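For reference, query07.txt (compact mmCIF, C-alpha atoms and all ligand atoms):
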# COMPACT_ATOMS: atom_id res chain seq x y z
CA MET A 1275 -37.62 9.21 7.04
CA ASN A 1276 -35.82 7.36 9.83
CA GLU A 1277 -33.58 8.83 12.53
CA HIS A 1278 -30.37 8.20 10.54
CA GLN A 1279 -31.58 10.00 7.47
CA THR A 1280 -32.13 13.30 9.33
CA LYS A 1281 -28.47 13.64 10.29
CA LYS A 1282 -25.41 12.83 8.17
CA GLN A 1283 -23.41 9.99 9.75
CA SER A 1284 -19.75 10.78 10.35
CA ALA A 1285 -16.78 8.47 9.90
CA ALA A 1286 -13.11 8.75 10.81
CA ILE A 1287 -10.70 6.68 8.72
CA ILE A 1288 -7.21 5.99 10.04
CA GLY A 1289 -4.72 5.45 7.20
CA ALA A 1290 -4.69 7.14 3.78
CA GLY A 1291 -3.28 4.25 1.76
CA ILE A 1292 -5.29 3.05 -1.24
CA SER A 1293 -7.80 1.12 0.96
CA GLY A 1294 -8.51 4.08 3.26
CA LEU A 1295 -8.84 6.41 0.28
CA SER A 1296 -11.23 4.13 -1.60
CA CYS A 1297 -13.32 3.61 1.55
CA ALA A 1298 -13.43 7.38 2.13
CA LYS A 1299 -14.39 8.15 -1.45
CA GLN A 1300 -17.22 5.62 -1.42
CA LEU A 1301 -18.54 6.61 2.03
CA LYS A 1302 -18.55 10.25 0.96
CA LYS A 1303 -20.41 9.37 -2.22
CA LEU A 1304 -22.98 7.51 -0.06
CA GLY A 1305 -23.60 10.61 2.05
CA PHE A 1306 -21.25 10.25 5.03
CA GLN A 1307 -19.10 13.03 6.43
CA VAL A 1308 -15.61 11.58 6.25
CA GLU A 1309 -12.28 12.61 7.74
CA LEU A 1310 -8.99 10.73 7.21
CA PHE A 1311 -5.99 10.69 9.55
CA GLU A 1312 -2.59 9.81 8.10
CA LYS A 1313 0.68 9.61 9.99
CA SER A 1314 2.89 10.41 6.97
CA ARG A 1315 3.26 13.75 5.22
CA GLY A 1316 1.58 12.42 2.08
CA VAL A 1317 -1.07 9.91 1.01
CA SER A 1318 -0.79 6.50 -0.72
CA GLY A 1319 0.96 4.38 1.91
CA ARG A 1320 2.75 1.47 0.31
CA MET A 1321 1.97 2.75 -3.22
CA SER A 1322 4.73 5.22 -2.71
CA THR A 1323 7.47 7.05 -4.57
CA ARG A 1324 10.77 8.28 -3.20
CA LYS A 1325 12.19 11.44 -4.75
CA ALA A 1326 15.72 12.86 -4.83
CA VAL A 1327 17.18 15.78 -6.81
CA ASP A 1328 18.06 13.75 -9.90
CA TRP A 1329 15.86 10.66 -9.62
CA SER A 1330 12.56 9.34 -8.35
CA ALA A 1331 11.46 5.74 -7.92
CA ASP A 1332 8.50 3.65 -6.78
CA HIS A 1333 9.95 1.80 -3.84
CA GLY A 1334 6.76 0.08 -2.60
CA ALA A 1335 4.18 -1.47 -4.95
CA GLN A 1336 5.76 -2.05 -8.37
CA TYR A 1337 2.70 -2.48 -10.54
CA PHE A 1338 -0.87 -3.65 -10.16
CA THR A 1339 -3.30 -5.86 -12.00
CA ALA A 1340 -7.05 -5.41 -12.45
CA ARG A 1341 -9.45 -8.36 -12.60
CA ASP A 1342 -12.60 -7.36 -10.70
CA PRO A 1343 -15.11 -5.30 -12.75
CA LEU A 1344 -15.42 -2.71 -9.94
CA PHE A 1345 -11.67 -2.14 -9.92
CA ILE A 1346 -11.44 -2.20 -13.73
CA ASN A 1347 -14.00 0.66 -13.70
CA GLU A 1348 -11.91 2.59 -11.23
CA LEU A 1349 -8.74 1.95 -13.23
CA ASP A 1350 -10.45 3.28 -16.38
CA GLU A 1351 -11.18 6.50 -14.48
CA TRP A 1352 -7.51 6.73 -13.41
CA ILE A 1353 -6.34 6.15 -16.99
CA ASP A 1354 -8.70 8.87 -18.28
CA ALA A 1355 -7.31 11.22 -15.62
CA ASN A 1356 -3.72 10.35 -16.69
CA VAL A 1357 -2.80 9.04 -13.25
CA ALA A 1358 -2.32 5.41 -14.37
CA ALA A 1359 -1.17 3.62 -17.51
CA LEU A 1360 -0.32 0.21 -18.90
CA TRP A 1361 3.33 -0.82 -18.39
CA LYS A 1362 4.93 -3.26 -20.80
CA PRO A 1363 8.34 -4.18 -19.39
CA ARG A 1364 10.83 -6.58 -20.99
CA LEU A 1365 10.36 -9.22 -18.29
CA LYS A 1366 12.67 -12.07 -17.37
CA VAL A 1367 12.84 -14.76 -14.72
CA PHE A 1368 16.12 -15.78 -13.04
CA LYS A 1369 16.03 -19.37 -11.86
CA ASP A 1370 18.69 -21.98 -11.15
CA ASN A 1371 21.34 -19.50 -12.32
CA GLN A 1372 19.66 -19.10 -15.68
CA TRP A 1373 17.74 -16.30 -17.36
CA ILE A 1374 14.39 -17.24 -18.90
CA ASP A 1375 12.14 -14.91 -20.92
CA CYS A 1376 8.80 -14.30 -19.26
CA PHE A 1377 5.88 -14.33 -21.70
CA SER A 1378 3.09 -13.59 -19.23
CA ALA A 1379 -0.07 -12.25 -20.86
CA GLU A 1380 -0.99 -10.32 -17.71
CA ASN A 1381 -1.71 -6.60 -18.13
CA ARG A 1382 0.38 -4.65 -15.61
CA TYR A 1383 -0.49 -1.08 -14.68
CA VAL A 1384 1.40 1.65 -12.84
CA GLY A 1385 0.56 5.07 -11.46
CA THR A 1386 1.73 7.96 -13.67
CA PRO A 1387 3.91 9.89 -13.38
CA ASP A 1388 4.49 8.13 -10.03
CA MET A 1389 3.04 5.15 -8.21
CA ASN A 1390 1.46 7.50 -5.67
CA SER A 1391 -0.48 9.40 -8.39
CA PRO A 1392 -3.76 7.40 -8.13
CA GLY A 1393 -3.73 7.97 -4.35
CA LYS A 1394 -3.19 11.70 -4.81
CA TYR A 1395 -6.02 11.72 -7.35
CA LEU A 1396 -8.42 10.02 -4.89
CA ALA A 1397 -7.34 12.40 -2.12
CA LYS A 1398 -8.27 15.53 -4.10
CA ASP A 1399 -11.79 16.03 -2.72
CA LEU A 1400 -11.30 14.41 0.69
CA SER A 1401 -10.66 15.93 4.09
CA ILE A 1402 -7.30 14.51 5.23
CA LYS A 1403 -5.28 15.37 8.30
CA LEU A 1404 -1.64 14.53 7.51
CA ASN A 1405 1.16 14.04 10.05
CA GLN A 1406 -1.35 12.63 12.53
CA THR A 1407 -0.42 9.30 14.11
CA ILE A 1408 -3.50 7.99 15.87
CA ASP A 1409 -2.23 6.18 18.94
CA ARG A 1410 -5.44 5.73 21.01
CA ILE A 1411 -9.07 5.10 20.21
CA ALA A 1412 -12.07 4.84 22.56
CA TYR A 1413 -15.81 4.25 22.11
CA ASP A 1414 -18.00 6.15 24.54
CA HIS A 1415 -21.67 7.25 24.37
CA ASP A 1416 -21.98 5.82 20.84
CA GLN A 1417 -19.16 7.98 19.57
CA TRP A 1418 -15.55 7.31 18.60
CA HIS A 1419 -12.87 9.42 20.27
CA LEU A 1420 -9.35 9.63 18.83
CA HIS A 1421 -6.03 10.70 20.23
CA SER A 1422 -3.02 11.58 18.09
CA LEU A 1423 0.64 11.51 19.00
CA GLU A 1424 1.19 14.91 17.45
CA ALA A 1425 -2.00 16.82 18.39
CA GLY A 1426 -3.34 15.08 21.50
CA ASP A 1427 -7.12 14.58 21.79
CA ILE A 1428 -8.95 15.08 18.49
CA GLU A 1429 -11.79 17.47 19.22
CA ARG A 1430 -14.33 15.97 16.85
CA GLN A 1431 -16.09 12.67 17.56
CA TYR A 1432 -17.38 10.20 15.01
CA ASP A 1433 -20.26 7.73 14.59
CA TRP A 1434 -18.06 5.25 12.71
CA LEU A 1435 -14.38 4.36 12.84
CA ILE A 1436 -12.46 2.62 10.04
CA LEU A 1437 -8.96 1.25 10.46
CA ALA A 1438 -7.28 1.09 7.03
CA LEU A 1439 -3.90 -0.08 8.33
CA PRO A 1440 -1.65 -3.13 7.98
CA ALA A 1441 -2.58 -6.08 10.22
CA GLN A 1442 -0.16 -5.47 13.11
CA GLN A 1443 -0.99 -1.77 13.27
CA SER A 1444 -4.74 -2.50 13.28
CA MET A 1445 -4.22 -5.03 16.06
CA ALA A 1446 -2.14 -2.63 18.15
CA LEU A 1447 -4.87 0.01 18.08
CA ALA A 1448 -7.99 -2.12 18.32
CA GLN A 1449 -7.29 -5.37 20.15
CA SER A 1450 -8.54 -4.11 23.50
CA ILE A 1451 -11.83 -3.06 21.87
CA ASP A 1452 -12.51 -5.80 19.34
CA LYS A 1453 -10.97 -9.14 20.33
CA SER A 1454 -11.67 -10.77 16.95
CA ILE A 1455 -9.09 -8.63 15.19
CA GLU A 1456 -6.14 -10.22 16.96
CA ALA A 1457 -6.61 -13.73 15.53
CA LEU A 1458 -7.24 -12.32 12.08
CA ALA A 1459 -4.14 -10.11 12.19
CA LEU A 1460 -1.92 -12.96 13.41
CA ASN A 1461 -3.32 -15.18 10.67
CA ALA A 1462 -2.27 -12.59 8.06
CA ASN A 1463 1.38 -13.01 9.14
CA MET A 1464 2.56 -9.88 7.30
CA GLN A 1465 6.26 -9.80 6.47
CA GLY A 1466 8.74 -7.02 5.88
CA CYS A 1467 10.68 -6.09 2.77
CA TRP A 1468 14.16 -4.61 2.51
CA THR A 1469 14.27 -2.36 -0.56
CA VAL A 1470 17.36 -0.92 -2.22
CA ILE A 1471 17.12 1.99 -4.66
CA ALA A 1472 20.20 2.29 -6.89
CA SER A 1473 20.52 5.30 -9.16
CA PHE A 1474 23.12 5.39 -11.93
CA ALA A 1475 24.67 8.33 -13.77
CA GLU A 1476 24.76 6.23 -16.96
CA SER A 1477 22.43 3.64 -18.44
CA LEU A 1478 23.29 0.01 -17.61
CA ASN A 1479 21.90 -1.31 -20.91
CA LEU A 1480 20.71 -4.55 -19.31
CA PRO A 1481 18.63 -6.82 -21.59
CA PHE A 1482 15.50 -6.60 -19.36
CA ASP A 1483 13.42 -3.97 -17.56
CA ALA A 1484 12.27 -6.12 -14.68
CA ALA A 1485 12.85 -9.61 -13.40
CA PHE A 1486 11.40 -12.09 -10.93
CA ILE A 1487 14.31 -13.74 -9.10
CA ASN A 1488 14.03 -17.20 -7.59
CA ASN A 1489 16.06 -18.81 -4.81
CA GLU A 1490 18.16 -15.72 -4.03
CA ILE A 1491 18.05 -13.04 -1.34
CA ILE A 1492 16.49 -10.81 -4.01
CA SER A 1493 13.03 -11.57 -5.40
CA TRP A 1494 12.52 -8.63 -7.80
CA ILE A 1495 14.53 -6.02 -9.68
CA CYS A 1496 13.12 -3.30 -11.88
CA ARG A 1497 14.32 -0.33 -13.94
CA ASN A 1498 11.99 2.40 -12.75
CA ASN A 1499 12.58 4.45 -15.92
CA SER A 1500 10.98 1.70 -18.01
CA LYS A 1501 7.59 2.75 -16.60
CA PRO A 1502 5.55 5.33 -18.55
CA ASN A 1503 6.18 9.08 -17.99
CA ARG A 1504 9.25 8.62 -15.77
CA SER A 1505 12.19 11.01 -15.94
CA GLY A 1506 15.54 11.52 -14.22
CA GLN A 1507 18.55 9.26 -13.82
CA GLU A 1508 18.32 5.53 -14.45
CA THR A 1509 17.12 4.06 -11.17
CA TRP A 1510 16.73 0.42 -10.23
CA ILE A 1511 14.57 -0.94 -7.45
CA ILE A 1512 15.72 -4.14 -5.76
CA HIS A 1513 13.41 -5.99 -3.37
CA ALA A 1514 14.73 -8.65 -1.02
CA ASN A 1515 12.44 -11.65 -0.70
CA PRO A 1516 9.86 -11.67 2.16
CA GLN A 1517 11.38 -14.59 4.12
CA TRP A 1518 14.91 -13.18 4.06
CA SER A 1519 13.67 -9.65 4.80
CA GLN A 1520 11.67 -10.84 7.79
CA GLU A 1521 14.53 -12.93 9.13
CA TRP A 1522 16.94 -9.96 8.86
CA ILE A 1523 14.45 -7.17 9.60
CA ALA A 1524 16.53 -5.86 12.52
CA LEU A 1525 19.74 -5.68 10.47
CA ASP A 1526 21.61 -2.40 10.26
CA LYS A 1527 20.66 -0.55 7.01
CA ASP A 1528 24.19 -0.49 5.55
CA ALA A 1529 24.69 -4.20 6.23
CA ALA A 1530 21.36 -5.06 4.57
CA ALA A 1531 22.22 -2.89 1.53
CA LYS A 1532 25.60 -4.60 1.15
CA LEU A 1533 24.12 -8.11 1.19
CA ILE A 1534 21.41 -7.15 -1.29
CA LEU A 1535 23.87 -5.42 -3.65
CA ASP A 1536 26.25 -8.40 -3.50
CA SER A 1537 23.35 -10.60 -4.59
CA ALA A 1538 22.44 -8.14 -7.38
CA MET A 1539 25.99 -8.33 -8.82
CA LYS A 1540 25.20 -11.88 -9.93
CA LEU A 1541 22.33 -10.46 -12.00
CA GLY A 1542 24.54 -7.92 -13.78
CA LEU A 1543 23.65 -4.96 -11.64
CA ASP A 1544 26.83 -3.44 -10.26
CA GLY A 1545 25.67 -1.27 -7.37
CA HIS A 1546 29.20 0.00 -6.65
CA LYS A 1547 28.69 2.55 -9.42
CA ALA A 1548 25.36 3.72 -8.02
CA LYS A 1549 24.01 6.15 -5.45
CA ILE A 1550 22.24 3.92 -2.94
CA SER A 1551 19.18 4.46 -0.74
CA ILE A 1552 17.63 1.77 1.40
CA HIS A 1553 14.16 1.46 2.87
CA ARG A 1554 12.86 -1.10 5.34
CA TRP A 1555 9.16 -1.89 5.00
CA LEU A 1556 8.07 -3.41 8.30
CA TYR A 1557 4.74 -4.71 6.97
CA ALA A 1558 4.95 -5.26 3.22
CA SER A 1559 2.99 -8.38 2.30
CA GLY A 1560 0.83 -11.19 3.64
CA HIS A 1561 -2.88 -11.70 4.04
CA ALA A 1562 -5.48 -13.54 6.10
CA ASN A 1563 -6.66 -16.92 4.83
CA PRO A 1564 -9.51 -17.57 4.08
CA ILE A 1565 -9.99 -14.08 2.71
CA PRO A 1566 -12.61 -12.10 4.65
CA GLY A 1567 -12.61 -9.05 2.28
CA PHE A 1568 -13.09 -6.64 5.16
CA CYS A 1569 -14.13 -6.87 8.79
CA LEU A 1570 -16.96 -5.04 10.56
CA ASN A 1571 -18.26 -4.91 14.11
CA ALA A 1572 -21.66 -3.33 13.52
CA ASP A 1573 -22.48 -3.04 17.26
CA LEU A 1574 -19.40 -0.91 17.92
CA LYS A 1575 -19.48 0.72 14.49
CA ILE A 1576 -15.84 -0.13 13.84
CA GLY A 1577 -14.59 -1.53 10.52
CA PHE A 1578 -11.27 -2.77 9.15
CA CYS A 1579 -10.07 -2.75 5.56
CA GLY A 1580 -6.79 -3.16 3.75
CA ASP A 1581 -4.84 -5.51 1.53
CA TRP A 1582 -4.27 -8.01 4.35
CA LEU A 1583 -8.04 -8.67 4.52
CA ASN A 1584 -8.45 -9.14 0.80
CA GLY A 1585 -5.66 -11.22 -0.70
CA GLY A 1586 -2.87 -8.63 -0.46
CA ARG A 1587 -1.90 -6.26 -3.27
CA VAL A 1588 -3.28 -3.02 -4.64
CA GLU A 1589 -6.47 -4.29 -6.24
CA GLY A 1590 -7.45 -6.20 -3.10
CA ALA A 1591 -6.78 -3.15 -0.91
CA TRP A 1592 -8.88 -0.83 -3.09
CA LEU A 1593 -11.74 -3.35 -3.21
CA SER A 1594 -11.59 -3.96 0.55
CA GLY A 1595 -12.12 -0.26 1.31
CA HIS A 1596 -14.80 0.17 -1.33
CA LYS A 1597 -16.79 -2.90 -0.24
CA LEU A 1598 -16.57 -2.04 3.46
CA ALA A 1599 -18.06 1.39 2.73
CA THR A 1600 -20.89 -0.08 0.66
CA HIS A 1601 -21.63 -2.63 3.40
CA ILE A 1602 -21.74 0.04 6.12
CA GLN A 1603 -24.23 2.01 4.06
CA SER A 1604 -26.38 -1.10 3.52
CA ILE A 1605 -26.72 -1.83 7.25
CA ASN A 1606 -26.98 1.81 8.26
CA TYR A 1607 -30.35 2.44 6.63
C1 LIG B 1 7.89 -3.49 -1.23
C2 LIG B 1 6.46 -3.69 -1.65
C3 LIG B 1 6.18 -4.18 -2.93
C4 LIG B 1 4.87 -4.35 -3.33
N1 LIG B 1 4.62 -4.76 -4.60
C5 LIG B 1 3.33 -4.83 -5.03
C6 LIG B 1 3.04 -5.10 -6.40
O1 LIG B 1 3.93 -5.20 -7.23
N2 LIG B 1 1.72 -5.20 -6.76
C7 LIG B 1 0.71 -5.01 -5.88
O2 LIG B 1 -0.46 -5.08 -6.27
N3 LIG B 1 0.96 -4.73 -4.58
C8 LIG B 1 2.25 -4.63 -4.16
N4 LIG B 1 2.52 -4.31 -2.85
C9 LIG B 1 1.41 -4.25 -1.91
C10 LIG B 1 0.61 -2.94 -2.05
O3 LIG B 1 1.49 -1.85 -1.91
C11 LIG B 1 -0.43 -2.94 -0.93
O4 LIG B 1 -1.27 -4.05 -1.12
C12 LIG B 1 -1.35 -1.72 -0.88
O5 LIG B 1 -0.67 -0.54 -1.23
C13 LIG B 1 -1.89 -1.66 0.54
O6 LIG B 1 -2.75 -0.56 0.73
P1 LIG B 1 -3.45 -0.36 2.13
O7 LIG B 1 -4.29 0.85 2.05
O8 LIG B 1 -4.10 -1.63 2.54
O9 LIG B 1 -2.25 -0.16 3.19
P2 LIG B 1 -1.11 0.95 3.25
O10 LIG B 1 -0.73 1.40 1.90
O11 LIG B 1 -0.06 0.38 4.13
O12 LIG B 1 -1.82 2.17 4.00
C14 LIG B 1 -1.87 2.31 5.40
C15 LIG B 1 -1.65 3.77 5.76
O13 LIG B 1 -1.85 3.94 7.16
C16 LIG B 1 -0.89 4.85 7.65
N5 LIG B 1 -0.79 4.60 9.09
C17 LIG B 1 -0.27 3.52 9.73
N6 LIG B 1 -0.44 3.62 11.07
C18 LIG B 1 -1.09 4.80 11.28
C19 LIG B 1 -1.57 5.46 12.45
N7 LIG B 1 -1.41 4.92 13.68
N8 LIG B 1 -2.19 6.66 12.32
C20 LIG B 1 -2.37 7.21 11.07
N9 LIG B 1 -1.94 6.62 9.94
C21 LIG B 1 -1.32 5.42 10.03
C22 LIG B 1 0.36 4.51 6.86
O14 LIG B 1 1.27 5.60 6.87
C23 LIG B 1 -0.24 4.25 5.47
O15 LIG B 1 -0.28 5.43 4.68
C24 LIG B 1 3.82 -4.08 -2.43
C25 LIG B 1 4.11 -3.56 -1.16
C26 LIG B 1 5.43 -3.36 -0.78
C27 LIG B 1 5.72 -2.75 0.56
As a first step, turn the structure in this file into structure tokens.
Amino acid sequence: MNEHQTKKQSAAIIGAGISGLSCAKQLKKLGFQVELFEKSRGVSGRMSTRKAVDWSADHGAQYFTARDPLFINELDEWIDANVAALWKPRLKVFKDNQWIDCFSAENRYVGTPDMNSPGKYLAKDLSIKLNQTIDRIAYDHDQWHLHSLEAGDIERQYDWLILALPAQQSMALAQSIDKSIEALALNANMQGCWTVIASFAESLNLPFDAAFINNEIISWICRNNSKPNRSGQETWIIHANPQWSQEWIALDKDAAAKLILDSAMKLGLDGHKAKISIHRWLYASGHANPIPGFCLNADLKIGFCGDWLNGGRVEGAWLSGHKLATHIQSINY
């Protein structure tokens, strides 16, 4: 038995989005003591759901696909646990002012009853400190020390540190410690996304459930109630396209909502009859190229995972966390 096997290794993971949760679950399975720190009051990050009294809607990730056998396995577990299901929307494409039917054969999945349900399912057996924004990290005497905005110095120290955060947030925390992360994060060039949630007292009866929109401010609209196990008022999600969102990221919320709703009118969605919420995602999409999968500095025992290191999107994020954990275990023993 070597030195490592006598004592359980500990790991702190910053960020309880799907990549942090998958990394935590796998590290725990491999025998590590794991603790997650999450700045929000709930888990799931960008796989999130906004709730009001009479509606709820997935305002981040809209659906996910599953191609890698490891992720297909995980998805099967989620489906068995009733936290994910196949979604079969009536899909259209809007291009050059024309509607075209979309006959994609792709299987699209969603969390059930909400997009954050798989994240909540993964979080069940994990130790997670919510409402903790980690704003400083330091490596001293082979141990990681954390500081949080809300609680000050975190008493416990850790053998390993994982940053499961979007590119810019990883860079802000770690660039003074691991120089390589800066170039990678800049290469990912993550962009924002303005999102409007429009809830209607009556059904709009539009001839589609979701649509990809080309050459407009908007890139996607979707009737949230078309997803399995949804309830409440008819609610539509409207995403502005990444380039426009990034260009106008500093816009006032009401001004952004007006421009997006004006653009949606052209698609038959009259937002004047709706209750409107707006959300600005600062880091919504983008990924490093070529795709590294994850990033690890074994000397400093610091690792990075997340969608931006593995092609973007939910599947890539889950795989990034899972593979980082498996790699850490393989070099640890
Ligand atoms: C508008 C939008 C639409 C999308 N549509 C799709 C889609 O249709 N299909 C698809 O597959 N993907 C889609 N995505 C992308 C998908 O949501 C992401 O790929 C995936 O959820 C990323 O997971 P993650 O764990 O890498 O990061 P995140 O989910 O961003 O998790 C990071 C977590 O870290 C926390 N955090 C940040 N800083 C700190 C800190 N200092 N201390 C503590 N915690 C911190 C955050 O609160 C967050 O919970 C979409 C994303 C957005 C925003």
> Hey, can you check how far atom CA of A:Ser1330 sits from atom CA of A:Ile1471?
Replying inline: 9.4 Å
> How would you write as an NGL selection string the residues that get within 12 Å of (-15.3, 4.9, -3.2) in the file's frame, counting only C-alpha atoms?
Replying inline: :A and (1292-1306 or 1308 or 1344-1345 or 1347-1348 or 1396-1397 or 1399-1400 or 1591-1601 or 1603)
If you count only C-alpha atoms and all ligand atoms, which residues end up within 6 Å of ligand LIG 1 (chain B), as a PDB file with C-alpha atoms, in the frame of the given file?
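The resulting file, result_21.pdb, is shown below:
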ATOM      1  CA  ILE A1288      -7.210   5.990  10.040  1.00  0.00           C
ATOM      2  CA  GLY A1289      -4.720   5.450   7.200  1.00  0.00           C
ATOM      3  CA  ALA A1290      -4.690   7.140   3.780  1.00  0.00           C
ATOM      4  CA  GLY A1291      -3.280   4.250   1.760  1.00  0.00           C
ATOM      5  CA  ILE A1292      -5.290   3.050  -1.240  1.00  0.00           C
ATOM      6  CA  SER A1293      -7.800   1.120   0.960  1.00  0.00           C
ATOM      7  CA  GLY A1294      -8.510   4.080   3.260  1.00  0.00           C
ATOM      8  CA  PHE A1311      -5.990  10.690   9.550  1.00  0.00           C
ATOM      9  CA  GLU A1312      -2.590   9.810   8.100  1.00  0.00           C
ATOM     10  CA  LYS A1313       0.680   9.610   9.990  1.00  0.00           C
ATOM     11  CA  SER A1314       2.890  10.410   6.970  1.00  0.00           C
ATOM     12  CA  VAL A1317      -1.070   9.910   1.010  1.00  0.00           C
ATOM     13  CA  SER A1318      -0.790   6.500  -0.720  1.00  0.00           C
ATOM     14  CA  GLY A1319       0.960   4.380   1.910  1.00  0.00           C
ATOM     15  CA  ARG A1320       2.750   1.470   0.310  1.00  0.00           C
ATOM     16  CA  MET A1321       1.970   2.750  -3.220  1.00  0.00           C
ATOM     17  CA  GLY A1334       6.760   0.080  -2.600  1.00  0.00           C
ATOM     18  CA  ALA A1335       4.180  -1.470  -4.950  1.00  0.00           C
ATOM     19  CA  GLN A1336       5.760  -2.050  -8.370  1.00  0.00           C
ATOM     20  CA  TYR A1337       2.700  -2.480 -10.540  1.00  0.00           C
ATOM     21  CA  PHE A1338      -0.870  -3.650 -10.160  1.00  0.00           C
ATOM     22  CA  GLN A1406      -1.350  12.630  12.530  1.00  0.00           C
ATOM     23  CA  THR A1407      -0.420   9.300  14.110  1.00  0.00           C
ATOM     24  CA  ILE A1408      -3.500   7.990  15.870  1.00  0.00           C
ATOM     25  CA  ASP A1409      -2.230   6.180  18.940  1.00  0.00           C
ATOM     26  CA  ALA A1438      -7.280   1.090   7.030  1.00  0.00           C
ATOM     27  CA  LEU A1439      -3.900  -0.080   8.330  1.00  0.00           C
ATOM     28  CA  PRO A1440      -1.650  -3.130   7.980  1.00  0.00           C
ATOM     29  CA  GLN A1443      -0.990  -1.770  13.270  1.00  0.00           C
ATOM     30  CA  CYS A1467      10.680  -6.090   2.770  1.00  0.00           C
ATOM     31  CA  TRP A1555       9.160  -1.890   5.000  1.00  0.00           C
ATOM     32  CA  ALA A1558       4.950  -5.260   3.220  1.00  0.00           C
ATOM     33  CA  GLY A1580      -6.790  -3.160   3.750  1.00  0.00           C
ATOM     34  CA  ASP A1581      -4.840  -5.510   1.530  1.00  0.00           C
ATOM     35  CA  GLY A1586      -2.870  -8.630  -0.460  1.00  0.00           C
ATOM     36  CA  ARG A1587      -1.900  -6.260  -3.270  1.00  0.00           C
ATOM     37  CA  VAL A1588      -3.280  -3.020  -4.640  1.00  0.00           C
ATOM     38  CA  ALA A1591      -6.780  -3.150  -0.910  1.00  0.00           C
TER      39      ALA A1591
END
> Got a sec: who's within 7 Å of A:Asn1499, counting all atoms listed in the file, leaving out chain neighbours fewer than 3 positions off, as number ranges by chain?
Replying inline: A: 1504-1505, 1508-1509
>> So, with all atoms listed in the file as the atoms that count, which of A:Gly1316, A:Gly1466, A:Gly1590, A:Pro1502 lies closest to A:Asn1356?
In response: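 Nearest candidate to A:Asn1356 out of A:Gly1316, A:Gly1466, A:Gly1590, A:Pro1502: A:Pro1502.
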> Between A:Ile1455, A:Leu1535, A:Leu1478, A:Ile1374, which has the minimum distance to A:Pro1566 (counting only C-alpha atoms)?
Replying inline: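 Among the listed residues, A:Ile1455 lies closest to A:Pro1566.
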